[in-house]
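S.K.: Before we start, here is the structure in question, set down as structure tokens.
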Amino acid sequence: MQIGDKTVEVHAFTKREERDPGTFTNIYVKNLPDDTDEAKLTSMFDGFGTITSSAILEDKIGRKFSFVNYDSTEAAAKAVAELNGKDLRTDEQKAATKEDAEPESYLLYVGRAQTKAERARELRQKTTQTTMGPRAQGVNLYVKNLDESETDESLKELFQPFGTVTSCVAVKDEKDKCKGFAFVCFSTP
């Protein structure tokens, strides 16, 4: 599509949680037994591939966690698939565990290591109640390569011939200029 002298690309919008997280080699491990050391950690994880680095850490209340980095994505994915949710408690620890204890507090957690921003976003999604009204149910398009002079109104006029536009937002910078992309939502696909 042409807007002025620029070629504009239009794609169906994909929510962040629906996007492919990409490849990973670094995994995060929590709920490790108290007696875990580097040797035990290595023996537990080296069967899945070559470990390039690992570290065992403790949080403020003494719980152990670890990061294990592999040389390939396949090895990391295999370790996550096989070890996540595994019960590493001894028989005595199993007997001492209260029946109403949450499994998340003692089962081994093995997953892709996330950045602080990813963890914060995930926590925010879990804890916040949706206070927004009903979301638009049509098709949300992502439009990129826009000129900095584009406005919400000009985009709405441009896309109106293709259907009923329920919302149109040209994302702006601190100088109130278009950043070069926008979101246009139609009422029907």
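Ordered as shown in the structure tokens, chains take letters A, B, and onward, while each chain numbers its residues from 1 and ligands are numbered from 1 in the order shown.
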Step one, run DSSP on the backbone; step two, keep only residues of region 35-139 of chain A assigned to helix (DSSP H, G or I); then write them as a PyMOL selection string.

M.R.: chain A and resi 38-48+73-83+91-96+103-105+116-127

S.K.: Limited to N, CA and C atoms, could you put the picked residues into a file as a tab-separated table (two decimals), in the first residue's frame?

M.R.:
```tsv
chain	number	residue	atom	x	y	z
A	38	GLU	N	27.96	-28.11	42.83
A	38	GLU	CA	28.30	-28.07	41.41
A	38	GLU	C	28.38	-29.47	40.79
A	39	ALA	N	28.97	-30.42	41.52
A	39	ALA	CA	29.12	-31.78	41.00
A	39	ALA	C	27.75	-32.43	40.78
A	40	LYS	N	26.84	-32.29	41.76
A	40	LYS	CA	25.50	-32.89	41.62
A	40	LYS	C	24.72	-32.21	40.51
A	41	LEU	N	24.86	-30.89	40.42
A	41	LEU	CA	24.16	-30.16	39.37
A	41	LEU	C	24.65	-30.60	37.99
A	42	THR	N	25.95	-30.72	37.84
A	42	THR	CA	26.52	-31.16	36.57
A	42	THR	C	26.07	-32.56	36.22
A	43	SER	N	26.08	-33.47	37.18
A	43	SER	CA	25.67	-34.85	36.89
A	43	SER	C	24.18	-34.92	36.54
A	44	MET	N	23.38	-34.02	37.12
A	44	MET	CA	21.95	-34.01	36.85
A	44	MET	C	21.65	-33.50	35.44
A	45	PHE	N	22.45	-32.53	34.95
A	45	PHE	CA	22.13	-31.87	33.69
A	45	PHE	C	23.03	-32.22	32.51
A	46	ASP	N	24.18	-32.86	32.73
A	46	ASP	CA	25.09	-33.08	31.60
A	46	ASP	C	24.64	-34.20	30.66
A	47	GLY	N	23.65	-34.98	31.04
A	47	GLY	CA	23.15	-36.03	30.17
A	47	GLY	C	22.34	-35.51	28.99
A	48	PHE	N	22.02	-34.23	28.99
A	48	PHE	CA	21.19	-33.67	27.93
A	48	PHE	C	22.00	-32.96	26.86
A	73	THR	N	20.28	-25.31	21.62
A	73	THR	CA	18.87	-25.13	22.02
A	73	THR	C	18.22	-26.48	22.28
A	74	GLU	N	18.56	-27.48	21.49
A	74	GLU	CA	17.95	-28.80	21.62
A	74	GLU	C	18.25	-29.40	23.00
A	75	ALA	N	19.50	-29.24	23.46
A	75	ALA	CA	19.88	-29.78	24.77
A	75	ALA	C	19.10	-29.08	25.88
A	76	ALA	N	18.97	-27.76	25.79
A	76	ALA	CA	18.23	-27.01	26.80
A	76	ALA	C	16.76	-27.42	26.81
A	77	ALA	N	16.17	-27.54	25.64
A	77	ALA	CA	14.76	-27.94	25.54
A	77	ALA	C	14.54	-29.34	26.09
A	78	LYS	N	15.47	-30.25	25.84
A	78	LYS	CA	15.36	-31.62	26.34
A	78	LYS	C	15.45	-31.65	27.86
A	79	ALA	N	16.35	-30.86	28.44
A	79	ALA	CA	16.48	-30.79	29.90
A	79	ALA	C	15.20	-30.25	30.52
A	80	VAL	N	14.62	-29.22	29.92
A	80	VAL	CA	13.37	-28.66	30.43
A	80	VAL	C	12.26	-29.70	30.37
A	81	ALA	N	12.15	-30.39	29.23
A	81	ALA	CA	11.08	-31.37	29.04
A	81	ALA	C	11.19	-32.53	30.02
A	82	GLU	N	12.40	-32.99	30.30
A	82	GLU	CA	12.57	-34.18	31.13
A	82	GLU	C	12.66	-33.91	32.63
A	83	LEU	N	13.16	-32.75	33.02
A	83	LEU	CA	13.36	-32.51	34.45
A	83	LEU	C	12.32	-31.62	35.11
A	91	ASP	N	12.70	-39.82	50.90
A	91	ASP	CA	11.50	-40.40	51.52
A	91	ASP	C	11.16	-39.67	52.81
A	92	GLU	N	12.19	-39.29	53.58
A	92	GLU	CA	11.94	-38.57	54.84
A	92	GLU	C	11.31	-37.20	54.57
A	93	GLN	N	11.81	-36.52	53.53
A	93	GLN	CA	11.26	-35.20	53.20
A	93	GLN	C	9.83	-35.33	52.70
A	94	LYS	N	9.54	-36.40	51.94
A	94	LYS	CA	8.18	-36.62	51.46
A	94	LYS	C	7.23	-36.86	52.62
A	95	ALA	N	7.68	-37.64	53.62
A	95	ALA	CA	6.85	-37.93	54.79
A	95	ALA	C	6.63	-36.67	55.62
A	96	ALA	N	7.63	-35.80	55.68
A	96	ALA	CA	7.54	-34.58	56.48
A	96	ALA	C	6.73	-33.47	55.80
A	103	PRO	N	2.43	-28.14	45.32
A	103	PRO	CA	3.48	-28.87	44.59
A	103	PRO	C	4.56	-27.94	44.03
A	104	GLU	N	4.20	-26.68	43.73
A	104	GLU	CA	5.19	-25.74	43.20
A	104	GLU	C	6.29	-25.43	44.21
A	105	SER	N	6.04	-25.72	45.48
A	105	SER	CA	7.03	-25.40	46.50
A	105	SER	C	8.10	-26.48	46.65
A	116	LYS	N	14.52	-9.93	33.39
A	116	LYS	CA	13.75	-9.30	34.46
A	116	LYS	C	12.46	-8.70	33.92
A	117	ALA	N	12.53	-8.10	32.73
A	117	ALA	CA	11.34	-7.50	32.12
A	117	ALA	C	10.29	-8.56	31.79
A	118	GLU	N	10.72	-9.72	31.30
A	118	GLU	CA	9.78	-10.80	31.00
A	118	GLU	C	9.11	-11.31	32.27
A	119	ARG	N	9.89	-11.48	33.34
A	119	ARG	CA	9.32	-11.94	34.61
A	119	ARG	C	8.33	-10.93	35.16
A	120	ALA	N	8.67	-9.65	35.08
A	120	ALA	CA	7.78	-8.59	35.58
A	120	ALA	C	6.47	-8.57	34.79
A	121	ARG	N	6.58	-8.71	33.48
A	121	ARG	CA	5.38	-8.71	32.63
A	121	ARG	C	4.49	-9.91	32.97
A	122	GLU	N	5.10	-11.07	33.14
A	122	GLU	CA	4.35	-12.28	33.46
A	122	GLU	C	3.66	-12.15	34.82
A	123	LEU	N	4.37	-11.60	35.80
A	123	LEU	CA	3.80	-11.40	37.13
A	123	LEU	C	2.65	-10.40	37.08
A	124	ARG	N	2.83	-9.34	36.32
A	124	ARG	CA	1.80	-8.33	36.19
A	124	ARG	C	0.54	-8.92	35.57
A	125	GLN	N	0.71	-9.80	34.57
A	125	GLN	CA	-0.44	-10.43	33.93
A	125	GLN	C	-1.17	-11.35	34.90
A	126	LYS	N	-0.41	-12.03	35.75
A	126	LYS	CA	-1.04	-12.95	36.70
A	126	LYS	C	-1.77	-12.22	37.82
A	127	THR	N	-1.21	-11.10	38.29
A	127	THR	CA	-1.74	-10.45	39.48
A	127	THR	C	-2.77	-9.37	39.23
```

S.K.: Leaving out Asp5 (chain A) and any residue of its chain fewer than 6 positions from it, which residues lie within 12 Å of it when counting only C-alpha atoms, given as a PDB file with N, CA, C and O atoms, in the first residue's frame?

M.R.:
```
ATOM      1  N   ASN A 145       6.224   1.678   8.755  1.00  0.00           N
ATOM      2  CA  ASN A 145       6.876   2.492   7.734  1.00  0.00           C
ATOM      3  C   ASN A 145       6.051   3.729   7.397  1.00  0.00           C
ATOM      4  O   ASN A 145       5.986   4.152   6.248  1.00  0.00           O
ATOM      5  N   LEU A 146       5.422   4.310   8.414  1.00  0.00           N
ATOM      6  CA  LEU A 146       4.616   5.514   8.223  1.00  0.00           C
ATOM      7  C   LEU A 146       5.491   6.759   8.310  1.00  0.00           C
ATOM      8  O   LEU A 146       6.537   6.763   8.955  1.00  0.00           O
ATOM      9  N   ASP A 147       5.017   7.825   7.697  1.00  0.00           N
ATOM     10  CA  ASP A 147       5.696   9.112   7.770  1.00  0.00           C
ATOM     11  C   ASP A 147       5.423   9.727   9.148  1.00  0.00           C
ATOM     12  O   ASP A 147       4.373   9.466   9.753  1.00  0.00           O
TER      13      ASP A 147
END
```

S.K.: Of the residues A:Phe181, A:Phe13, A:Tyr109, A:Phe67, which is the one nearest to Gly138 (chain A), using only C-alpha atoms?

M.R.: A:Phe13

S.K.: Among region 8-131 of chain A, which residues does DSSP mark as strand (DSSP E or B) when it is run on the backbone? Keep the chain and numbering as in the structure and answer as a VMD selection string.

M.R.: chain A and resid 9 to 12 26 to 30 51 to 58 64 to 70 109 to 112

S.K.: May I have the residues from that selection written out with N, CA, C and O atoms, as an mmCIF file, in the first residue's frame?

M.R.:
```cif
data_model
loop_
_atom_site.group_PDB
_atom_site.id
_atom_site.type_symbol
_atom_site.label_atom_id
_atom_site.label_comp_id
_atom_site.auth_asym_id
_atom_site.auth_seq_id
_atom_site.Cartn_x
_atom_site.Cartn_y
_atom_site.Cartn_z
ATOM 1 N N GLU A 9 3.828 -1.212 4.957
ATOM 2 C CA GLU A 9 3.545 -2.634 5.151
ATOM 3 C C GLU A 9 2.442 -2.795 6.179
ATOM 4 O O GLU A 9 2.448 -2.140 7.214
ATOM 5 N N VAL A 10 1.505 -3.679 5.916
ATOM 6 C CA VAL A 10 0.395 -3.957 6.821
ATOM 7 C C VAL A 10 0.418 -5.437 7.160
ATOM 8 O O VAL A 10 0.438 -6.286 6.267
ATOM 9 N N HIS A 11 0.456 -5.760 8.472
ATOM 10 C CA HIS A 11 0.487 -7.145 8.940
ATOM 11 C C HIS A 11 -0.591 -7.340 9.991
ATOM 12 O O HIS A 11 -0.932 -6.414 10.717
ATOM 13 N N ALA A 12 -1.090 -8.547 10.103
ATOM 14 C CA ALA A 12 -2.004 -8.865 11.200
ATOM 15 C C ALA A 12 -1.222 -8.767 12.502
ATOM 16 O O ALA A 12 -0.085 -9.227 12.584
ATOM 17 N N ASN A 26 19.933 -21.014 27.794
ATOM 18 C CA ASN A 26 20.094 -20.803 29.230
ATOM 19 C C ASN A 26 18.806 -21.187 29.946
ATOM 20 O O ASN A 26 17.734 -20.702 29.592
ATOM 21 N N ILE A 27 18.920 -22.070 30.943
ATOM 22 C CA ILE A 27 17.733 -22.482 31.692
ATOM 23 C C ILE A 27 17.868 -22.099 33.154
ATOM 24 O O ILE A 27 18.966 -21.962 33.686
ATOM 25 N N TYR A 28 16.718 -21.914 33.796
ATOM 26 C CA TYR A 28 16.626 -21.548 35.205
ATOM 27 C C TYR A 28 16.076 -22.753 35.955
ATOM 28 O O TYR A 28 15.128 -23.396 35.491
ATOM 29 N N VAL A 29 16.670 -23.062 37.098
ATOM 30 C CA VAL A 29 16.255 -24.217 37.893
ATOM 31 C C VAL A 29 15.989 -23.743 39.316
ATOM 32 O O VAL A 29 16.828 -23.061 39.905
ATOM 33 N N LYS A 30 14.833 -24.104 39.877
ATOM 34 C CA LYS A 30 14.565 -23.757 41.276
ATOM 35 C C LYS A 30 14.031 -24.978 42.012
ATOM 36 O O LYS A 30 13.722 -25.997 41.410
ATOM 37 N N ILE A 51 27.329 -28.683 28.720
ATOM 38 C CA ILE A 51 27.070 -27.511 29.548
ATOM 39 C C ILE A 51 28.223 -26.534 29.351
ATOM 40 O O ILE A 51 29.383 -26.887 29.549
ATOM 41 N N THR A 52 27.899 -25.303 28.956
ATOM 42 C CA THR A 52 28.949 -24.298 28.769
ATOM 43 C C THR A 52 29.222 -23.532 30.054
ATOM 44 O O THR A 52 30.346 -23.089 30.277
ATOM 45 N N SER A 53 28.200 -23.376 30.911
ATOM 46 C CA SER A 53 28.397 -22.729 32.214
ATOM 47 C C SER A 53 27.220 -23.057 33.121
ATOM 48 O O SER A 53 26.127 -23.391 32.655
ATOM 49 N N SER A 54 27.474 -22.953 34.417
ATOM 50 C CA SER A 54 26.406 -23.169 35.394
ATOM 51 C C SER A 54 26.749 -22.402 36.657
ATOM 52 O O SER A 54 27.914 -22.116 36.926
ATOM 53 N N ALA A 55 25.731 -22.082 37.437
ATOM 54 C CA ALA A 55 25.928 -21.373 38.704
ATOM 55 C C ALA A 55 24.819 -21.766 39.661
ATOM 56 O O ALA A 55 23.652 -21.864 39.270
ATOM 57 N N ILE A 56 25.206 -21.998 40.920
ATOM 58 C CA ILE A 56 24.231 -22.269 41.974
ATOM 59 C C ILE A 56 24.207 -21.048 42.879
ATOM 60 O O ILE A 56 25.254 -20.589 43.340
ATOM 61 N N LEU A 57 23.014 -20.541 43.151
ATOM 62 C CA LEU A 57 22.852 -19.343 43.974
ATOM 63 C C LEU A 57 21.818 -19.622 45.056
ATOM 64 O O LEU A 57 21.104 -20.621 45.003
ATOM 65 N N GLU A 58 21.736 -18.721 46.031
ATOM 66 C CA GLU A 58 20.729 -18.817 47.088
ATOM 67 C C GLU A 58 20.004 -17.496 47.197
ATOM 68 O O GLU A 58 20.612 -16.435 47.056
ATOM 69 N N LYS A 64 17.907 -22.684 47.266
ATOM 70 C CA LYS A 64 18.872 -22.772 46.169
ATOM 71 C C LYS A 64 18.174 -22.719 44.822
ATOM 72 O O LYS A 64 17.096 -23.281 44.640
ATOM 73 N N PHE A 65 18.837 -22.030 43.885
ATOM 74 C CA PHE A 65 18.396 -22.017 42.493
ATOM 75 C C PHE A 65 19.637 -21.973 41.630
ATOM 76 O O PHE A 65 20.744 -21.741 42.109
ATOM 77 N N SER A 66 19.436 -22.226 40.331
ATOM 78 C CA SER A 66 20.596 -22.350 39.467
ATOM 79 C C SER A 66 20.278 -21.895 38.053
ATOM 80 O O SER A 66 19.117 -21.869 37.638
ATOM 81 N N PHE A 67 21.346 -21.544 37.335
ATOM 82 C CA PHE A 67 21.271 -21.295 35.906
ATOM 83 C C PHE A 67 22.216 -22.282 35.242
ATOM 84 O O PHE A 67 23.341 -22.480 35.697
ATOM 85 N N VAL A 68 21.743 -22.924 34.188
ATOM 86 C CA VAL A 68 22.565 -23.873 33.434
ATOM 87 C C VAL A 68 22.485 -23.462 31.974
ATOM 88 O O VAL A 68 21.387 -23.324 31.423
ATOM 89 N N ASN A 69 23.642 -23.263 31.346
ATOM 90 C CA ASN A 69 23.675 -22.857 29.953
ATOM 91 C C ASN A 69 24.257 -23.984 29.102
ATOM 92 O O ASN A 69 25.333 -24.499 29.407
ATOM 93 N N TYR A 70 23.540 -24.343 28.044
ATOM 94 C CA TYR A 70 23.967 -25.394 27.130
ATOM 95 C C TYR A 70 24.536 -24.790 25.854
ATOM 96 O O TYR A 70 24.306 -23.614 25.555
ATOM 97 N N TYR A 109 11.595 -27.070 39.348
ATOM 98 C CA TYR A 109 11.155 -26.231 38.238
ATOM 99 C C TYR A 109 12.352 -26.022 37.325
ATOM 100 O O TYR A 109 13.409 -25.566 37.753
ATOM 101 N N VAL A 110 12.194 -26.377 36.057
ATOM 102 C CA VAL A 110 13.241 -26.170 35.057
ATOM 103 C C VAL A 110 12.564 -25.508 33.867
ATOM 104 O O VAL A 110 11.624 -26.059 33.291
ATOM 105 N N GLY A 111 13.026 -24.309 33.514
ATOM 106 C CA GLY A 111 12.424 -23.579 32.402
ATOM 107 C C GLY A 111 13.410 -22.619 31.771
ATOM 108 O O GLY A 111 14.518 -22.410 32.280
ATOM 109 N N ARG A 112 12.996 -22.023 30.666
ATOM 110 C CA ARG A 112 13.838 -21.042 29.978
ATOM 111 C C ARG A 112 14.119 -19.885 30.919
ATOM 112 O O ARG A 112 13.225 -19.363 31.571
#
```

S.K.: Write out as a PDB file with C-alpha atoms, in the first residue's frame which residues come within 12 Å of Leu141 (chain A) when counting only C-alpha atoms, dropping same-chain ones fewer than 3 positions away.

M.R.:
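File written: out.pdb
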```
ATOM      1  CA  GLU A   9       3.545  -2.634   5.151  1.00  0.00           C
ATOM      2  CA  VAL A  10       0.395  -3.957   6.821  1.00  0.00           C
ATOM      3  CA  HIS A  11       0.487  -7.145   8.940  1.00  0.00           C
ATOM      4  CA  ALA A  12      -2.004  -8.865  11.200  1.00  0.00           C
ATOM      5  CA  PHE A  13      -1.119  -7.939  14.771  1.00  0.00           C
ATOM      6  CA  THR A  14       0.298 -10.793  16.892  1.00  0.00           C
ATOM      7  CA  LYS A  15       0.029 -10.554  20.681  1.00  0.00           C
ATOM      8  CA  ALA A 136     -12.240  -4.831  20.365  1.00  0.00           C
ATOM      9  CA  GLY A 138     -12.430  -7.363  15.156  1.00  0.00           C
ATOM     10  CA  LYS A 144       4.606   0.215   9.758  1.00  0.00           C
ATOM     11  CA  LEU A 155      -5.076   6.941   9.025  1.00  0.00           C
ATOM     12  CA  PHE A 159      -8.519   2.732   6.075  1.00  0.00           C
ATOM     13  CA  VAL A 165     -12.650   1.245  11.788  1.00  0.00           C
ATOM     14  CA  THR A 166     -13.281   0.906  15.538  1.00  0.00           C
ATOM     15  CA  SER A 167      -9.968   2.421  16.621  1.00  0.00           C
ATOM     16  CA  CYS A 168      -6.900   3.880  15.018  1.00  0.00           C
ATOM     17  CA  VAL A 169      -3.724   4.899  16.854  1.00  0.00           C
ATOM     18  CA  ALA A 170      -0.572   6.305  15.284  1.00  0.00           C
ATOM     19  CA  PHE A 181       3.919   2.672  13.070  1.00  0.00           C
ATOM     20  CA  ALA A 182       0.251   2.451  14.021  1.00  0.00           C
ATOM     21  CA  PHE A 183      -2.537   0.077  15.000  1.00  0.00           C
ATOM     22  CA  VAL A 184      -5.807   0.038  13.079  1.00  0.00           C
ATOM     23  CA  CYS A 185      -8.701  -2.077  14.378  1.00  0.00           C
ATOM     24  CA  PHE A 186     -11.661  -3.086  12.234  1.00  0.00           C
ATOM     25  CA  SER A 187     -15.017  -4.216  13.645  1.00  0.00           C
ATOM     26  CA  THR A 188     -15.096  -7.316  11.434  1.00  0.00           C
ATOM     27  CA  PRO A 189     -12.388  -9.423   9.764  1.00  0.00           C
TER      28      PRO A 189
END
```

S.K.: With a distance cut-off of 9 Å and only C-alpha atoms, select the neighbouring residues of Pro33 (chain A), excluding the residue or stretch itself and same-chain residues fewer than 6 positions from it, and output the selection as a JSON list (two decimals) with N, CA, C and O atoms, in the first residue's frame.

M.R.:
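Printed below is result-v3.json as written:
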```json
[["chain", "number", "residue", "atom", "x", "y", "z"],
["A", 63, "ARG", "N", 16.98, -20.54, 49.90],
["A", 63, "ARG", "CA", 16.55, -21.52, 48.90],
["A", 63, "ARG", "C", 17.53, -21.50, 47.74],
["A", 63, "ARG", "O", 17.90, -20.43, 47.26],
["A", 64, "LYS", "N", 17.91, -22.68, 47.27],
["A", 64, "LYS", "CA", 18.87, -22.77, 46.17],
["A", 64, "LYS", "C", 18.17, -22.72, 44.82],
["A", 64, "LYS", "O", 17.10, -23.28, 44.64],
["A", 88, "LEU", "N", 12.50, -34.44, 43.64],
["A", 88, "LEU", "CA", 13.83, -34.86, 44.08],
["A", 88, "LEU", "C", 13.93, -35.03, 45.60],
["A", 88, "LEU", "O", 15.02, -35.19, 46.13],
["A", 89, "ARG", "N", 12.80, -35.02, 46.30],
["A", 89, "ARG", "CA", 12.81, -35.15, 47.75],
["A", 89, "ARG", "C", 13.15, -36.58, 48.17],
["A", 89, "ARG", "O", 12.83, -37.54, 47.47],
["A", 106, "TYR", "N", 7.87, -27.68, 46.10],
["A", 106, "TYR", "CA", 8.88, -28.73, 46.25],
["A", 106, "TYR", "C", 9.24, -29.44, 44.95],
["A", 106, "TYR", "O", 10.28, -30.07, 44.87],
["A", 108, "LEU", "N", 10.76, -29.83, 41.29],
["A", 108, "LEU", "CA", 11.82, -29.14, 40.57],
["A", 108, "LEU", "C", 11.22, -28.33, 39.43],
["A", 108, "LEU", "O", 10.39, -28.84, 38.67]]
```

S.K.: Quote the spacing between CA of Thr23 (chain A) and CA of Ala113 (chain A) in Å to one decimal place.

M.R.: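 Result for CA of Thr23 (chain A) versus CA of Ala113 (chain A): 11.2 Å, one decimal.
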
S.K.: CA of Gly85 (chain A) and CA of Asp34 (chain A), how far apart in Å?

M.R.: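 Pair CA of Asp34 (chain A) / CA of Gly85 (chain A) returns 17.2 Å.
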